[in-house]
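Below is one structure, written out as structure tokens; comments come after it.
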Amino acid sequence: MVLVLTAAPAGLRGELTKWLMEINPGVFVGNPSRRIRDDLWERTKESIQEGRAVLVYSSNGEQRLKFDVHRHPWQPVDLEGLTLIQRPLSGDQKSTRRTGWSKARAQRRARRPSWRSQFD
């Protein structure tokens, strides 16, 4: 199990260290039983206040893991049996989408010698 917290109160982080190891600030790992994991997740959702939480844990399935999120803009989405994390697009990303060739491609194409000039 991996539990990632963002903007979590210190009391919650201290409570989670009773059951899990904090390997980085806000990142907890461990292997508790299902009952303990569910209880820790409920406590986290109640105590997180304005923060966010993401829980990843093992399960029986093709991916061998599942995701739970709380107050997070990225949401798990089932896509033909696979769970993927969907990141929402902001309004400015939708309108500024570029079309056509990249500048790098145009520069590479300009450096390439023309085949016609080699055979003339």
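Each chain in the structure tokens gets a letter, A, B and so on, in the order shown; residues start at 1 in every chain, and ligands are counted from 1 in the order they appear.
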
Apply DSSP to the backbone of this structure and, from chain A, keep only the residues in helix (DSSP H, G or I); write these as a ChimeraX atom specification. /A:10-16,34-47,91-95,103-111,115-119

Pick out each residue of chain A that DSSP on the backbone tags as strand (DSSP E or B); I need them as a ChimeraX atom specification. /A:2-6,21-24,27-29,52-58,65-70,75-79,82-86

Find the spatial neighbours of Phe28 of chain A, counting only C-alpha atoms, within a cut-off of 6 Å - ignore same-chain residues fewer than 3 positions away - and output them as a compact mmCIF listing (two decimals) with all heavy atoms, in the first residue's frame.
# COMPACT_ATOMS: atom_id res chain seq x y z
N VAL A 2 0.49 2.22 -0.80
CA VAL A 2 1.16 3.51 -0.83
C VAL A 2 0.10 4.57 -0.63
O VAL A 2 -0.93 4.57 -1.30
CB VAL A 2 1.89 3.74 -2.18
CG1 VAL A 2 2.52 5.11 -2.21
CG2 VAL A 2 2.92 2.66 -2.42
N LEU A 3 0.34 5.49 0.29
CA LEU A 3 -0.57 6.59 0.57
C LEU A 3 0.21 7.88 0.42
O LEU A 3 1.22 8.07 1.08
CB LEU A 3 -1.14 6.47 1.99
CG LEU A 3 -2.09 7.54 2.47
CD1 LEU A 3 -3.34 7.60 1.60
CD2 LEU A 3 -2.49 7.29 3.91
N LEU A 20 2.28 2.78 9.17
CA LEU A 20 3.00 2.84 7.91
C LEU A 20 4.34 3.54 8.09
O LEU A 20 4.52 4.30 9.05
CB LEU A 20 2.17 3.60 6.86
CG LEU A 20 0.74 3.11 6.62
CD1 LEU A 20 -0.02 4.11 5.78
CD2 LEU A 20 0.76 1.75 5.97
N MET A 21 5.25 3.34 7.16
CA MET A 21 6.53 4.05 7.18
C MET A 21 6.43 5.27 6.27
O MET A 21 5.95 5.17 5.15
CB MET A 21 7.66 3.14 6.67
CG MET A 21 8.01 2.04 7.62
SD MET A 21 9.30 0.95 6.97
CE MET A 21 10.53 2.10 6.43
N GLU A 22 6.91 6.40 6.77
CA GLU A 22 6.93 7.62 5.96
C GLU A 22 8.30 7.70 5.29
O GLU A 22 9.29 8.05 5.91
CB GLU A 22 6.66 8.85 6.81
CG GLU A 22 6.48 10.11 5.99
CD GLU A 22 6.01 11.30 6.83
OE1 GLU A 22 6.11 11.25 8.07
OE2 GLU A 22 5.54 12.27 6.22

I'd like the neighbourhood of Gln75 of chain A as a ChimeraX atom specification, where a residue qualifies if any of its atoms comes within 9 Å (using only C-alpha atoms), though same-chain residues fewer than 2 positions away should be ignored. /A:67-69,72-73,77,84-88

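Between atom CA of Glu15 of chain A and atom CA of Arg64 of chain A the interatomic distance comes to 27.4 Å.
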